[in-house]
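Read the structure below first, then the notes.
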Amino acid sequence: LCALTVPLFVFTRSMAARNRAMNVETAEAWYRSGQEQLKAGRTAEAIDLFRKAATNDHGNPEYTLALATALAESDHTREARQILLRLRMSTPESGEVNLNLARLNAKEAMRVEAVRYYRNALYGVWPPAQSTKQRLAVRGELIRFLLAAHDSSQALSELLILASDIPDTEKAHLELGQLFSEAADAHHALEQFTLALEMNANSAEALRGAGRASFDLGNFTSAQKYLQSAADNGDKSEP
């Protein structure tokens with residue numbers, strides 16, 4: 001009996017492993033096809049393919065997250081939320097899962113929940129190579145959400161943190177200056193536009209921003225000089 005049972009057990013395990021490998025390979029192919037459909041704007045087709053991938057390899061959270069993201073983009077909010085909450089139960093520290101939940105709640109104007117998940121994403125786990133970049137992006141997204149919700153107080157708190165973390169580049173200072181302007185903090189806006197001008201004295205965008213910030217601060221002579229320089233460098237926006 002043992003002579004029969006042992007080979008049968010080995011054969012069964014071998015077949016199970018082979019089937020598992022085939023399922024994983026098939027799921028990967030469906031996932032890749034789903035990504036291609038998503039890039040082509042065919043979200044419904046992508047959802048179907050992601051669903052197949054997640055079913056065949058249900059242990060791969062990447063496929064499940066892709067399905068949830070595609071569902072959210074197609075306004076299948078309820079199912080997307082259910083999937084994301086299940087994912088979060090198994091990986092509560094995942095930065096990506098929390099960010100997707102934040103976006104879902106932001107889309108539905110659920111401000112308190114969105115802010116909570118944005119903060120979870122900020123301090124969540126990201127791939128080491130992407131950690132700094134992702135946290136900067138998440139904080140920027142949170143700030144824009146708060147500004148859109150007319151919550152300047154929280155937005156300014158996040159902006160001051162962001163100011164100490166951004167790379168020292170013209171583009172970063174311009175973007176931060178604009179965000180400070182939207183939050184009605186002319187002093188910090190002018191500081192950022194000035195830093196941008198130190199890198200590119202002919203930047204029409206930085207000159208315009210510095211001019212408007214100076215005007216808001218009551219420095220009308222400086223404002224006129226900045227705005228005139230902006231116009232001289234091709235700025236055609238309204239003063």
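Here's how to read the names in the structure tokens: chain A, B, ... by the order shown, residue numbers from 1 in each chain, ligand numbers from 1 in the order shown.
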
How would you write, as a count of residues only, the set of residues in stretch 40-87 of chain A that DSSP gives as helix (DSSP H, G or I)?
-> 38

Near A:Glu182, within 10 Å and counting only C-alpha atoms, which residues show up once chain neighbours fewer than 2 positions away are dropped, as a VMD selection string?
-> chain A and resid 144 147 to 148 150 152 155 to 156 176 to 180 184 to 186 189

What does the file look like for those residues with N, CA and C atoms, as a short mmCIF file (atom, residue, chain, number, x, y, z; two decimals), in the first residue's frame?
```cif
data_model
loop_
_atom_site.label_atom_id
_atom_site.label_comp_id
_atom_site.auth_asym_id
_atom_site.auth_seq_id
_atom_site.Cartn_x
_atom_site.Cartn_y
_atom_site.Cartn_z
N ARG A 144 -3.43 70.00 -2.63
CA ARG A 144 -4.37 70.45 -3.68
C ARG A 144 -5.81 70.09 -3.30
N LEU A 147 -6.91 72.60 -0.62
CA LEU A 147 -7.18 73.91 -1.21
C LEU A 147 -8.51 73.91 -1.96
N ALA A 148 -8.77 72.82 -2.67
CA ALA A 148 -10.04 72.72 -3.41
C ALA A 148 -11.22 72.67 -2.44
N HIS A 150 -11.27 74.34 0.25
CA HIS A 150 -11.22 75.63 0.96
C HIS A 150 -10.76 75.48 2.41
N SER A 152 -7.73 76.17 3.93
CA SER A 152 -6.40 76.80 3.82
C SER A 152 -5.52 76.54 5.03
N ALA A 155 -4.00 73.15 4.70
CA ALA A 155 -3.15 73.20 3.51
C ALA A 155 -1.83 73.91 3.81
N LEU A 156 -1.90 75.01 4.55
CA LEU A 156 -0.68 75.75 4.89
C LEU A 156 0.25 74.92 5.77
N LEU A 176 5.57 75.30 -5.79
CA LEU A 176 5.29 75.58 -4.39
C LEU A 176 4.84 77.03 -4.20
N GLY A 177 5.45 77.95 -4.94
CA GLY A 177 5.04 79.34 -4.87
C GLY A 177 3.58 79.51 -5.27
N GLN A 178 3.18 78.81 -6.31
CA GLN A 178 1.80 78.89 -6.76
C GLN A 178 0.84 78.33 -5.70
N LEU A 179 1.23 77.24 -5.06
CA LEU A 179 0.39 76.65 -4.02
C LEU A 179 0.26 77.60 -2.82
N PHE A 180 1.37 78.24 -2.45
CA PHE A 180 1.29 79.22 -1.36
C PHE A 180 0.37 80.39 -1.75
N ALA A 184 -3.27 81.79 -0.07
CA ALA A 184 -3.27 83.18 0.40
C ALA A 184 -2.14 83.48 1.37
N ASP A 185 -1.00 82.82 1.17
CA ASP A 185 0.19 83.11 1.98
C ASP A 185 1.19 83.80 1.06
N ALA A 186 1.03 85.11 0.90
CA ALA A 186 1.85 85.86 -0.05
C ALA A 186 3.32 85.90 0.36
N ALA A 189 4.88 82.66 -0.62
CA ALA A 189 4.82 82.59 -2.09
C ALA A 189 5.95 83.41 -2.70
#
```

Between A:Met89, A:Leu104, A:Gly41, A:Thr221, which has the minimum distance to A:Ala68 (counting only C-alpha atoms)?
-> A:Leu104

Just the residues within 8 Å of stretch 83-85 of chain A, please, counting only C-alpha atoms, with nothing from its chain fewer than 5 positions along; format it as number ranges by chain.
-> A: 64-65, 68, 97, 100-101

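Residues lying within 9 Å of A:Ser33, counting only C-alpha atoms and ignoring same-chain neighbours fewer than 3 positions away, are Glu28, Ala29, Trp30, Glu36, Gln37, Leu38, Ala46, Leu49 and Phe50 of chain A.
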
Would you mind exporting all heavy atoms of the selected residues as a compact mmCIF listing (two decimals), in the first residue's frame?
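Contents of selection25.txt, as written:
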```
# COMPACT_ATOMS: atom_id res chain seq x y z
N GLU A 28 -0.58 36.53 -15.28
CA GLU A 28 0.36 37.58 -15.68
C GLU A 28 0.08 38.08 -17.09
O GLU A 28 0.15 39.28 -17.36
CB GLU A 28 1.80 37.05 -15.59
CG GLU A 28 2.86 38.11 -15.86
CD GLU A 28 4.27 37.59 -15.75
OE1 GLU A 28 4.43 36.40 -15.40
OE2 GLU A 28 5.21 38.35 -16.03
N ALA A 29 -0.27 37.15 -17.98
CA ALA A 29 -0.58 37.53 -19.36
C ALA A 29 -1.84 38.39 -19.40
O ALA A 29 -1.91 39.40 -20.12
CB ALA A 29 -0.77 36.28 -20.22
N TRP A 30 -2.86 38.01 -18.61
CA TRP A 30 -4.09 38.81 -18.56
C TRP A 30 -3.82 40.19 -17.96
O TRP A 30 -4.39 41.19 -18.40
CB TRP A 30 -5.16 38.08 -17.75
CG TRP A 30 -5.96 37.12 -18.57
CD1 TRP A 30 -6.29 37.23 -19.89
CD2 TRP A 30 -6.54 35.89 -18.12
NE1 TRP A 30 -7.05 36.16 -20.30
CE2 TRP A 30 -7.22 35.31 -19.23
CE3 TRP A 30 -6.55 35.21 -16.91
CZ2 TRP A 30 -7.90 34.11 -19.14
CZ3 TRP A 30 -7.24 34.00 -16.83
CH2 TRP A 30 -7.90 33.46 -17.94
N GLU A 36 -2.43 47.18 -21.15
CA GLU A 36 -2.46 47.69 -22.52
C GLU A 36 -3.83 48.29 -22.85
O GLU A 36 -3.93 49.35 -23.48
CB GLU A 36 -2.10 46.59 -23.50
CG GLU A 36 -0.64 46.15 -23.43
CD GLU A 36 -0.35 44.92 -24.26
OE1 GLU A 36 -1.29 44.45 -24.95
OE2 GLU A 36 0.79 44.40 -24.22
N GLN A 37 -4.89 47.59 -22.44
CA GLN A 37 -6.25 48.09 -22.68
C GLN A 37 -6.49 49.40 -21.93
O GLN A 37 -7.11 50.33 -22.44
CB GLN A 37 -7.28 47.05 -22.24
CG GLN A 37 -7.28 45.76 -23.04
CD GLN A 37 -7.72 45.98 -24.48
OE1 GLN A 37 -8.55 46.83 -24.78
NE2 GLN A 37 -7.14 45.21 -25.40
N LEU A 38 -5.94 49.48 -20.71
CA LEU A 38 -6.11 50.69 -19.90
C LEU A 38 -5.41 51.87 -20.56
O LEU A 38 -5.96 52.98 -20.62
CB LEU A 38 -5.54 50.44 -18.51
CG LEU A 38 -6.03 51.36 -17.38
CD1 LEU A 38 -7.53 51.23 -17.20
CD2 LEU A 38 -5.31 51.00 -16.08
N ALA A 46 -10.25 46.41 -19.75
CA ALA A 46 -9.18 46.27 -18.76
C ALA A 46 -9.72 45.67 -17.46
O ALA A 46 -9.08 44.80 -16.86
CB ALA A 46 -8.54 47.63 -18.48
N LEU A 49 -10.13 41.94 -17.79
CA LEU A 49 -8.84 41.24 -17.79
C LEU A 49 -8.20 41.25 -16.40
O LEU A 49 -7.64 40.24 -15.96
CB LEU A 49 -7.91 41.88 -18.82
CG LEU A 49 -8.30 41.63 -20.28
CD1 LEU A 49 -7.59 42.61 -21.20
CD2 LEU A 49 -7.97 40.20 -20.69
N PHE A 50 -8.29 42.37 -15.70
CA PHE A 50 -7.75 42.43 -14.34
C PHE A 50 -8.51 41.48 -13.41
O PHE A 50 -7.92 40.87 -12.52
CB PHE A 50 -7.82 43.85 -13.79
CG PHE A 50 -6.86 44.82 -14.43
CD1 PHE A 50 -7.19 46.16 -14.59
CD2 PHE A 50 -5.61 44.40 -14.87
CE1 PHE A 50 -6.30 47.05 -15.16
CE2 PHE A 50 -4.71 45.29 -15.46
CZ PHE A 50 -5.06 46.61 -15.60
```

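Going from atom CA of A:Asn98 over to atom CA of A:Ser153, you cover 23.0 Å.
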
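With distances taken over only C-alpha atoms, A:Leu67 is the one residue among A:Val24, A:Ala213, A:Leu67, A:Ala44 lying closest to A:Ala80.
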